[in-house]
$ cat coords20.cif   # mmCIF, C-alpha atoms
data_query
loop_
_atom_site.label_atom_id
_atom_site.label_comp_id
_atom_site.auth_asym_id
_atom_site.auth_seq_id
_atom_site.Cartn_x
_atom_site.Cartn_y
_atom_site.Cartn_z
CA MET X 1 -22.98 -10.72 -5.78
CA ASN X 2 -21.03 -8.07 -3.86
CA ALA X 3 -17.53 -9.23 -2.87
CA THR X 4 -17.18 -6.87 0.09
CA PRO X 5 -17.81 -9.47 2.86
CA ALA X 6 -15.31 -11.93 1.37
CA LEU X 7 -12.67 -9.25 0.90
CA LEU X 8 -13.11 -7.85 4.41
CA GLY X 9 -12.97 -11.36 5.85
CA TYR X 10 -9.78 -12.06 3.95
CA ALA X 11 -8.27 -8.74 5.08
CA ALA X 12 -9.11 -9.58 8.70
CA THR X 13 -7.42 -12.97 8.34
CA VAL X 14 -4.29 -11.46 6.82
CA GLY X 15 -4.19 -8.52 9.22
CA PHE X 16 -4.81 -10.39 12.49
CA ALA X 17 -4.31 -14.16 12.13
CA ALA X 18 -1.46 -14.42 9.63
CA PRO X 19 1.10 -12.47 11.74
CA THR X 20 0.52 -14.78 14.71
CA LEU X 21 1.09 -17.88 12.61
CA LEU X 22 4.23 -16.40 11.07
CA LEU X 23 5.67 -15.38 14.44
CA ARG X 24 5.20 -18.91 15.75
CA SER X 25 7.07 -20.42 12.81
CA THR X 26 10.76 -21.29 13.08
CA TRP X 27 11.71 -21.06 9.40
CA PRO X 28 11.83 -17.22 9.05
CA HIS X 29 15.11 -16.94 10.99
CA ARG X 30 16.56 -19.73 8.83
CA ALA X 31 15.50 -18.04 5.58
CA PRO X 32 15.37 -14.29 6.35
CA VAL X 33 15.27 -13.16 2.71
CA LEU X 34 12.20 -15.27 2.09
CA ALA X 35 10.62 -14.12 5.34
CA VAL X 36 11.00 -10.45 4.37
CA ALA X 37 9.27 -11.25 1.08
CA VAL X 38 6.41 -12.93 2.95
CA TRP X 39 5.89 -9.96 5.31
CA HIS X 40 5.84 -7.58 2.35
CA GLY X 41 3.54 -9.87 0.39
CA LEU X 42 1.06 -9.94 3.26
CA SER X 43 1.19 -6.15 3.55
CA VAL X 44 0.53 -5.69 -0.17
CA SER X 45 -2.25 -8.28 -0.07
CA PHE X 46 -3.95 -6.53 2.85
CA THR X 47 -3.76 -3.17 1.07
CA VAL X 48 -5.22 -4.61 -2.14
CA ALA X 49 -8.01 -6.35 -0.21
CA VAL X 50 -9.00 -3.14 1.61
CA ALA X 51 -8.86 -1.13 -1.62
CA LEU X 52 -11.05 -3.64 -3.48
CA ALA X 53 -13.47 -3.85 -0.55
CA ALA X 54 -13.82 -0.07 -0.70
CA TYR X 55 -14.48 -0.31 -4.43
CA HIS X 56 -17.19 -2.95 -4.06
CA LEU X 57 -18.70 -1.07 -1.13
CA ALA X 58 -19.12 1.99 -3.32
CA THR X 59 -20.42 0.04 -6.30
CA PRO X 60 -24.23 -0.09 -6.45
CA THR X 61 -26.00 -3.41 -6.83
CA GLU X 62 -29.58 -4.35 -7.50
CA HIS X 63 -30.44 -3.51 -3.88
CA LEU X 64 -30.16 0.08 -2.76
CA HIS X 65 -29.02 -0.83 0.76
CA VAL X 66 -26.01 -2.71 -0.61
CA GLY X 67 -23.15 -0.34 -1.30
CA LEU X 68 -21.96 2.86 0.31
CA ILE X 69 -24.40 5.16 -1.49
CA GLY X 70 -27.36 3.03 -0.46
CA LEU X 71 -26.12 2.85 3.10
CA LEU X 72 -25.91 6.64 3.32
CA HIS X 73 -29.42 6.93 1.86
CA SER X 74 -30.93 4.43 4.28
CA CYS X 75 -29.37 6.30 7.20
CA GLY X 76 -30.94 9.54 6.07
CA LEU X 77 -27.56 11.10 5.22
CA THR X 78 -28.62 11.79 1.64
CA THR X 79 -31.82 13.39 0.40
CA ALA X 80 -31.91 11.75 -3.00
CA THR X 81 -35.01 9.64 -3.52
CA ALA X 82 -34.11 8.34 -6.92
CA SER X 83 -31.31 6.06 -7.89
CA PRO X 84 -27.84 7.48 -7.28
CA ASP X 85 -26.22 9.43 -10.07
CA PRO X 86 -24.10 6.92 -12.03
CA THR X 87 -21.37 9.50 -12.55
CA THR X 88 -21.11 10.24 -8.83
CA VAL X 89 -21.17 6.55 -7.94
CA GLY X 90 -18.49 5.78 -10.53
CA ARG X 91 -16.20 8.51 -9.25
CA LEU X 92 -16.66 7.36 -5.66
CA ALA X 93 -16.07 3.74 -6.60
CA VAL X 94 -12.75 4.68 -8.17
CA ALA X 95 -11.71 7.33 -5.65
CA LEU X 96 -11.98 5.12 -2.55
CA PRO X 97 -9.62 2.30 -3.60
CA VAL X 98 -7.22 4.70 -5.29
CA SER X 99 -7.02 6.79 -2.11
CA VAL X 100 -6.11 3.69 -0.06
CA VAL X 101 -3.27 2.76 -2.41
CA LEU X 102 -2.05 6.34 -2.80
CA MET X 103 -2.02 6.81 0.96
CA VAL X 104 0.32 3.86 1.46
CA PHE X 105 2.50 4.88 -1.50
CA GLY X 106 2.55 8.50 -0.34
CA PHE X 107 3.77 7.56 3.12
CA PHE X 108 6.41 5.33 1.52
CA VAL X 109 7.73 8.27 -0.50
CA LEU X 110 7.59 10.42 2.63
CA GLU X 111 9.61 7.86 4.64
CA VAL X 112 12.20 7.58 1.87
CA LEU X 113 12.58 11.35 1.59
CA ARG X 114 12.68 11.81 5.35
CA GLY X 115 15.39 9.17 5.72
CA ARG X 116 17.37 10.66 2.86
CA ARG X 117 17.20 14.12 4.43
CA THR X 118 18.29 12.77 7.84
CA ARG X 119 21.21 10.85 6.34
CA SER X 120 22.24 13.87 4.27
CA ARG X 121 22.52 16.01 7.41
CA HIS X 122 24.55 13.29 9.11
CA ARG X 123 26.90 13.00 6.12
CA HIS X 124 27.51 16.73 6.33
CA VAL X 125 28.60 16.31 9.95
CA LEU X 126 30.81 13.35 9.04
CA ASP X 127 32.55 15.43 6.38
CA MET X 128 33.56 17.87 9.12
CA VAL X 129 34.52 15.55 11.99
CA GLY X 130 35.43 12.24 10.31
CA ARG X 131 38.40 11.11 8.25
CA ARG X 132 38.25 8.90 5.21
CA SER X 133 40.12 5.58 5.31
CA PRO X 134 40.87 4.30 1.77
CA GLN X 135 42.06 1.00 3.22
CA LEU X 136 38.75 0.29 4.99
CA CYS X 137 36.59 2.20 2.47
CA ALA X 138 34.94 3.80 5.49
CA THR X 139 34.81 7.00 7.51
CA ILE X 140 36.56 6.84 10.88
CA LEU X 141 35.27 8.88 13.81
CA GLU X 142 37.64 9.74 16.64
CA HIS X 143 35.55 8.17 19.38
CA ASP X 144 36.70 5.76 22.08
CA LEU X 145 33.53 3.69 22.25
CA PRO X 146 33.30 0.88 19.63
CA ALA X 147 30.66 1.67 17.03
CA ALA X 148 29.96 0.89 13.39
CA TYR X 149 27.02 1.76 11.16
CA CYS X 150 26.18 2.59 7.58
CA LEU X 151 24.22 5.32 5.83
CA PRO X 152 22.52 3.64 2.84
CA GLY X 153 20.87 5.24 -0.15
CA HIS X 154 22.27 8.25 -2.01
CA ARG X 155 26.05 8.57 -1.47
CA PRO X 156 26.27 5.58 0.92
CA ARG X 157 28.77 5.70 3.73
CA ILE X 158 30.16 3.21 6.24
CA VAL X 159 31.23 4.71 9.57
CA VAL X 160 33.54 3.10 12.13
CA SER X 161 34.75 4.59 15.38
CA ALA X 162 38.44 4.68 16.23
CA GLY X 163 37.60 2.66 19.34
CA ALA X 164 36.22 -0.16 17.16
CA VAL X 165 39.33 -0.11 14.96
CA ARG X 166 41.56 -0.50 18.03
CA LEU X 167 39.36 -3.10 19.73
CA LEU X 168 38.57 -5.46 16.86
CA SER X 169 40.96 -7.80 15.12
CA ALA X 170 41.44 -7.53 11.36
CA GLY X 171 39.01 -10.37 10.72
CA GLN X 172 36.40 -9.00 13.12
CA LEU X 173 36.63 -5.56 11.55
CA GLN X 174 36.18 -7.02 8.07
CA ALA X 175 33.13 -8.97 9.27
CA VAL X 176 31.59 -5.76 10.62
CA LEU X 177 32.33 -3.88 7.41
CA GLU X 178 30.87 -6.68 5.30
CA HIS X 179 27.72 -6.60 7.44
CA GLU X 180 27.31 -2.89 6.73
CA ARG X 181 28.02 -3.33 3.00
CA ALA X 182 25.16 -5.83 2.84
CA HIS X 183 22.72 -3.14 3.98
CA ILE X 184 23.96 -0.76 1.30
CA VAL X 185 24.06 -3.24 -1.57
CA GLY X 186 20.68 -4.74 -0.63
CA ARG X 187 19.03 -1.30 -0.36
CA HIS X 188 17.57 -2.38 2.94
CA HIS X 189 16.42 1.14 3.74
CA LEU X 190 13.74 0.82 1.04
CA ALA X 191 12.41 -2.46 2.46
CA LEU X 192 12.25 -0.90 5.91
CA ALA X 193 10.61 2.29 4.61
CA ALA X 194 7.86 0.20 3.00
CA THR X 195 6.93 -1.42 6.32
CA GLN X 196 7.13 1.93 8.11
CA ALA X 197 4.74 3.46 5.58
CA PHE X 198 2.32 0.55 5.94
CA ALA X 199 2.45 0.91 9.73
CA ARG X 200 1.68 4.63 9.53
CA VAL X 201 -1.46 4.02 7.47
CA PHE X 202 -2.72 0.99 9.43
CA ARG X 203 -1.37 2.07 12.79
CA ARG X 204 -3.21 -0.37 15.09
CA LEU X 205 -3.09 -3.39 12.81
CA PRO X 206 -1.06 -6.35 14.19
CA LEU X 207 0.27 -7.09 10.70
CA ALA X 208 1.64 -3.55 10.39
CA ARG X 209 3.31 -3.58 13.80
CA HIS X 210 4.89 -7.02 13.45
CA ALA X 211 5.91 -6.49 9.82
CA GLN X 212 7.89 -3.41 10.79
CA GLU X 213 9.57 -5.07 13.79
CA GLN X 214 10.33 -8.35 12.06
CA THR X 215 11.59 -6.75 8.85
CA ALA X 216 14.13 -4.69 10.81
CA LEU X 217 15.36 -7.86 12.57
CA LEU X 218 15.39 -9.98 9.40
CA LEU X 219 17.36 -7.37 7.45
CA GLU X 220 20.06 -7.53 10.13
CA MET X 221 20.09 -11.33 9.81
CA ILE X 222 20.48 -11.01 6.04
CA ALA X 223 23.50 -8.77 6.60
CA ASP X 224 24.90 -11.27 9.11
CA ASP X 225 24.61 -14.05 6.53
CA ARG X 226 26.57 -12.02 4.00
CA ALA X 227 29.32 -11.41 6.55
CA LEU X 228 29.46 -15.16 7.20
CA ARG X 229 30.34 -15.75 3.55
CA ARG X 230 33.61 -13.88 4.09
CA GLN X 231 34.50 -14.60 7.72
CA PRO X 232 34.22 -17.64 10.03
CA ARG X 233 31.25 -17.88 12.35
CA GLU X 234 33.36 -17.39 15.48
CA VAL X 235 34.89 -14.20 14.12
CA LEU X 236 31.51 -12.63 13.41
CA ALA X 237 30.12 -13.76 16.77
CA THR X 238 32.97 -12.19 18.74
CA ALA X 239 32.69 -8.99 16.71
CA MET X 240 28.95 -8.84 17.39
CA TYR X 241 29.61 -9.37 21.11
CA GLU X 242 32.10 -6.51 21.20
CA MET X 243 29.76 -4.23 19.26
CA ALA X 244 26.47 -5.27 20.89
CA ALA X 245 26.08 -2.04 22.84
CA SER X 246 26.70 0.22 19.85
CA MET X 247 23.74 2.13 18.46
CA ALA X 248 23.04 3.74 15.10
CA PRO X 249 21.81 7.27 14.43
CA ALA X 250 18.45 7.84 12.77
CA GLY X 251 18.29 6.49 9.23
CA ALA X 252 21.31 4.18 9.67
CA PHE X 253 21.92 0.46 10.19
CA ALA X 254 24.28 -0.82 12.88
CA VAL X 255 25.82 -4.22 13.58
CA GLY X 256 24.86 -3.82 17.25
CA GLY X 257 21.64 -2.59 18.78
CA PRO X 258 18.55 -4.16 20.36
CA SER X 259 18.54 -7.20 18.05
CA ALA X 260 22.18 -8.13 18.68
CA LEU X 261 21.44 -10.83 21.30
CA ILE X 262 18.89 -12.64 19.13
CA ARG X 263 21.22 -12.54 16.15
CA LEU X 264 24.22 -13.62 18.21
CA ARG X 265 22.36 -16.73 19.34
CA ARG X 266 21.44 -17.43 15.73
CA VAL X 267 25.07 -17.12 14.61
CA LEU X 268 26.37 -19.33 17.43
CA ALA X 269 23.68 -22.01 17.02
CA PRO X 270 23.21 -22.28 13.25
CA GLN X 271 20.22 -24.19 11.96
CA GLN X 272 19.85 -25.88 8.62
CA ARG X 273 18.08 -23.85 5.97
CA PRO X 274 14.60 -25.04 5.03
CA HIS X 275 14.45 -27.68 2.31
CA ILE X 276 14.49 -26.31 -1.21
CA ALA X 277 10.95 -27.59 -1.75
CA VAL X 278 9.78 -25.65 1.31
CA ARG X 279 11.58 -22.51 0.17
CA GLY X 280 10.09 -22.82 -3.29
CA SER X 281 6.59 -23.29 -1.91
CA VAL X 282 6.88 -20.31 0.43
CA ALA X 283 8.32 -18.15 -2.35
CA ALA X 284 5.41 -19.09 -4.63
CA ALA X 285 2.94 -18.35 -1.85
CA ALA X 286 4.56 -14.95 -1.19
CA ALA X 287 4.20 -14.10 -4.87
CA MET X 288 0.60 -15.31 -5.05
CA VAL X 289 -0.74 -13.76 -1.84
CA PRO X 290 -1.15 -10.25 -3.32
CA LEU X 291 -3.24 -11.76 -6.13
CA ILE X 292 -5.76 -13.49 -3.84
CA PRO X 293 -7.91 -10.36 -3.29
CA LEU X 294 -8.12 -9.92 -7.06
CA LEU X 295 -9.28 -13.53 -7.44
CA LEU X 296 -11.88 -13.05 -4.71
CA GLY X 297 -13.24 -9.99 -6.47
CA CYS X 298 -13.38 -11.79 -9.81
CA VAL X 299 -15.09 -14.91 -8.42
CA HIS X 300 -17.82 -12.92 -6.71
CA GLY X 301 -18.12 -10.68 -9.74
CA PHE X 302 -19.21 -13.63 -11.92
CA ARG X 303 -21.85 -14.87 -9.48
#
$ encode --input "coords20.cif" --output "structure tokens"
Amino acid sequence: MNATPALLGYAATVGFAAPTLLLRSTWPHRAPVLAVAVWHGLSVSFTVAVALAAYHLATPTEHLHVGLIGLLHSCGLTTATASPDPTTVGRLAVALPVSVVLMVFGFFVLEVLRGRRTRSRHRHVLDMVGRRSPQLCATILEHDLPAAYCLPGHRPRIVVSAGAVRLLSAGQLQAVLEHERAHIVGRHHLALAATQAFARVFRRLPLARHAQEQTALLLEMIADDRALRRQPREVLATAMYEMAASMAPAGAFAVGGPSALIRLRRVLAPQQRPHIAVRGSVAAAAAMVPLIPLLLGCVHGFR
């Protein structure tokens, strides 16, 4: 039995229904690391489901009208009257799913290279106009407005404006720097590039849009949590308030920005992390979700 209907139905559920359920949940902001894993797991699962559906669609069955070759023949788009050439069918059956996966991976590589090129140009400018501070392990820009951001990836750099150094207390400045270090150490630019690549391939898919938006927000929350390990909650909150209006250049992460208000409320009104049993269950589900399309294909393949 062809698994295409089951795989397409599963892909529709993951692509349209799952994001709504996840957005209505309250636990992602209490466990942002786990939530990022779930968003990425859903994206991988959707990609695998679409790739396998393409494979089964191109695989001939006992009925000519089932499968892509038979569909083209029934619509008069092919002139062959005999059974399709097995070699052609086999190549098509392999080429379709591989092209889906390679498209997503190709856009991921493109996003990584594009971000690296943008950050490299910005580092070149910083080398000319900024000054290195060994004490802060950061580059200081002579600018009156408070700003702080980091350039992750190859030759990472943390940048702080002179206005931020003058405005913030020692503890607040350390909280900001720790926030930026979290982005560098966690290689958050790769997690964000993966969602950006997925969104470029499946542009109008709700899962793609929400995964990109939520991953950017959750990565900032992860960095906030690391800063809270070194500085009191009130210190980080006041630093975020002072830096809320600061923006980051392309390819960088900043402690301020559009998500600052949501994160500030989270820092000021902390909620208990989900129970360890809940976290374990969600982690197991995130790991298993990409395997579900494979199980669907196998189950229908034995029927």
$ residues_near_point --input "coords20.cif" --point "(25.7, 13.9, 8.9)" --cutoff "12 Å" --atoms "only C-alpha atoms" --output "list in words"
Gly115, Arg116, Arg117, Thr118, Arg119, Ser120, Arg121, His122, Arg123, His124, Val125, Leu126, Asp127, Met128, Val129, Gly130, Thr139, Leu141, Cys150, Leu151, Arg155, Pro156, Arg157, Ile158, Val159, Pro249, Ala250, Gly251 and Ala252 of chain X
$ closest_residue --input "coords20.cif" --among "X:Ala3, X:Ala269, X:Ala245, X:Ala95" --to "Leu145 in chain X" --atoms "all atoms listed in the file"
X:Ala245
$ atom_distance --input "coords20.cif" --atom1 "CA of His56 in chain X" --atom2 "CA of Gly297 in chain X"
8.4 Å
$ resolve_selection --input "coords20.cif" --expression "the PyMOL selection byres ((chain X and resi 215-218) around 9)" --output "list in words"
Pro28, His29, Ala31, Pro32, Val33, Ala35, Val36, Trp39, His40, His188, Ala191, Leu192, Thr195, His210, Ala211, Gln212, Glu213, Gln214, Leu219, Glu220, Met221, Ile222, Ala223, Ser259, Ile262 and Arg263 of chain X
$ resolve_selection --input "coords20.cif" --expression "the PyMOL selection byres ((chain X and resi 19) around 9)" --output "mmCIF file with C-alpha atoms, in the coordinates of the input"
data_model
loop_
_atom_site.group_PDB
_atom_site.id
_atom_site.type_symbol
_atom_site.label_atom_id
_atom_site.label_comp_id
_atom_site.auth_asym_id
_atom_site.auth_seq_id
_atom_site.Cartn_x
_atom_site.Cartn_y
_atom_site.Cartn_z
ATOM 1 C CA VAL X 14 -4.290 -11.460 6.820
ATOM 2 C CA GLY X 15 -4.190 -8.520 9.220
ATOM 3 C CA PHE X 16 -4.810 -10.390 12.490
ATOM 4 C CA ALA X 17 -4.310 -14.160 12.130
ATOM 5 C CA ALA X 18 -1.460 -14.420 9.630
ATOM 6 C CA THR X 20 0.520 -14.780 14.710
ATOM 7 C CA LEU X 21 1.090 -17.880 12.610
ATOM 8 C CA LEU X 22 4.230 -16.400 11.070
ATOM 9 C CA LEU X 23 5.670 -15.380 14.440
ATOM 10 C CA ARG X 24 5.200 -18.910 15.750
ATOM 11 C CA TRP X 39 5.890 -9.960 5.310
ATOM 12 C CA LEU X 42 1.060 -9.940 3.260
ATOM 13 C CA PRO X 206 -1.060 -6.350 14.190
ATOM 14 C CA LEU X 207 0.270 -7.090 10.700
ATOM 15 C CA HIS X 210 4.890 -7.020 13.450
ATOM 16 C CA ALA X 211 5.910 -6.490 9.820
#
$ closest_residue --input "coords20.cif" --among "X:Met240, X:Leu264, X:Ala194, X:Val100" --to "Ala208 in chain X" --atoms "all atoms listed in the file"
X:Ala194
$ resolve_selection --input "coords20.cif" --expression "the PyMOL selection byres ((chain X and resi 52) around 8)" --output "list in words"
Thr4, Leu7, Val48, Ala49, Val50, Ala51, Ala53, Ala54, Tyr55, His56, Pro97, Pro293, Leu294 and Gly297 of chain X
$ closest_residue --input "coords20.cif" --among "X:Glu178, X:Glu142, X:Glu242, X:Glu111" --to "Ala193 in chain X" --atoms "all atoms listed in the file"
X:Glu111
$ atom_distance --input "coords20.cif" --atom1 "CA of Ala148 in chain X" --atom2 "CA of Ser161 in chain X"
6.4 Å
$ atom_distance --input "coords20.cif" --atom1 "CA of Ala37 in chain X" --atom2 "CA of Gly256 in chain X"
23.7 Å
$ closest_residue --input "coords20.cif" --among "X:Ala248, X:Leu295, X:Ala197, X:Arg166" --to "Glu180 in chain X" --atoms "only C-alpha atoms"
X:Ala248
$ closest_residue --input "coords20.cif" --among "X:Arg91, X:His143, X:Arg200, X:His275" --to "Leu167 in chain X" --atoms "all atoms listed in the file"
X:His143
$ closest_residue --input "coords20.cif" --among "X:Glu234, X:Val255, X:Val109, X:His183" --to "Val160 in chain X" --atoms "all atoms listed in the file"
X:Val255
$ residues_around --input "coords20.cif" --residues "Val267 in chain X" --least-positions-apart "4" --cutoff "8 Å" --atoms "only C-alpha atoms" --output "mmCIF file with C-alpha atoms, keeping the file's coordinate frame"
data_model
loop_
_atom_site.group_PDB
_atom_site.id
_atom_site.type_symbol
_atom_site.label_atom_id
_atom_site.label_comp_id
_atom_site.auth_asym_id
_atom_site.auth_seq_id
_atom_site.Cartn_x
_atom_site.Cartn_y
_atom_site.Cartn_z
ATOM 1 C CA ARG X 233 31.250 -17.880 12.350
ATOM 2 C CA LEU X 236 31.510 -12.630 13.410
ATOM 3 C CA ALA X 237 30.120 -13.760 16.770
ATOM 4 C CA ARG X 263 21.220 -12.540 16.150
#
$ decode --input "coords20.cif" --residues "range 103-123 of chain X" --atoms "N, CA and C atoms" --output "CSV table (one decimal), in the first residue's frame"
chain,number,residue,atom,x,y,z
X,103,MET,N,17.8,20.7,-0.9
X,103,MET,CA,17.4,22.1,-0.9
X,103,MET,C,17.5,22.8,0.4
X,104,VAL,N,17.0,22.0,1.5
X,104,VAL,CA,17.0,22.6,2.8
X,104,VAL,C,18.5,22.7,3.3
X,105,PHE,N,19.3,21.7,3.1
X,105,PHE,CA,20.7,21.7,3.5
X,105,PHE,C,21.4,22.8,2.7
X,106,GLY,N,21.1,22.9,1.4
X,106,GLY,CA,21.8,24.0,0.6
X,106,GLY,C,21.5,25.4,1.1
X,107,PHE,N,20.3,25.6,1.5
X,107,PHE,CA,20.0,27.0,2.0
X,107,PHE,C,20.6,27.2,3.4
X,108,PHE,N,20.7,26.1,4.2
X,108,PHE,CA,21.4,26.2,5.5
X,108,PHE,C,22.8,26.6,5.3
X,109,VAL,N,23.5,26.0,4.3
X,109,VAL,CA,24.9,26.3,4.1
X,109,VAL,C,25.0,27.8,3.5
X,110,LEU,N,24.0,28.1,2.7
X,110,LEU,CA,24.0,29.5,2.2
X,110,LEU,C,23.8,30.5,3.3
X,111,GLU,N,22.9,30.3,4.2
X,111,GLU,CA,22.7,31.2,5.3
X,111,GLU,C,23.9,31.3,6.2
X,112,VAL,N,24.6,30.2,6.5
X,112,VAL,CA,25.8,30.2,7.3
X,112,VAL,C,26.9,31.0,6.6
X,113,LEU,N,27.1,30.8,5.3
X,113,LEU,CA,28.1,31.5,4.6
X,113,LEU,C,27.8,33.0,4.5
X,114,ARG,N,26.5,33.3,4.3
X,114,ARG,CA,26.1,34.7,4.1
X,114,ARG,C,26.3,35.4,5.5
X,115,GLY,N,26.0,34.8,6.6
X,115,GLY,CA,26.2,35.4,7.9
X,115,GLY,C,27.7,35.6,8.2
X,116,ARG,N,28.4,34.6,7.8
X,116,ARG,CA,29.9,34.7,8.1
X,116,ARG,C,30.5,35.8,7.3
X,117,ARG,N,30.1,36.0,6.0
X,117,ARG,CA,30.6,37.1,5.2
X,117,ARG,C,30.2,38.4,5.8
X,118,THR,N,28.9,38.5,6.2
X,118,THR,CA,28.5,39.8,6.8
X,118,THR,C,29.2,40.1,8.0
X,119,ARG,N,29.4,39.1,8.9
X,119,ARG,CA,30.2,39.4,10.2
X,119,ARG,C,31.6,39.7,9.9
X,120,SER,N,32.2,39.1,8.9
X,120,SER,CA,33.6,39.4,8.5
X,120,SER,C,33.8,40.8,8.1
X,121,ARG,N,32.8,41.3,7.3
X,121,ARG,CA,32.9,42.7,6.9
X,121,ARG,C,32.8,43.7,8.1
X,122,HIS,N,31.9,43.3,9.0
X,122,HIS,CA,31.7,44.1,10.2
X,122,HIS,C,32.9,44.1,11.1
X,123,ARG,N,33.6,42.9,11.2
X,123,ARG,CA,34.8,42.8,12.0
X,123,ARG,C,35.9,43.7,11.5
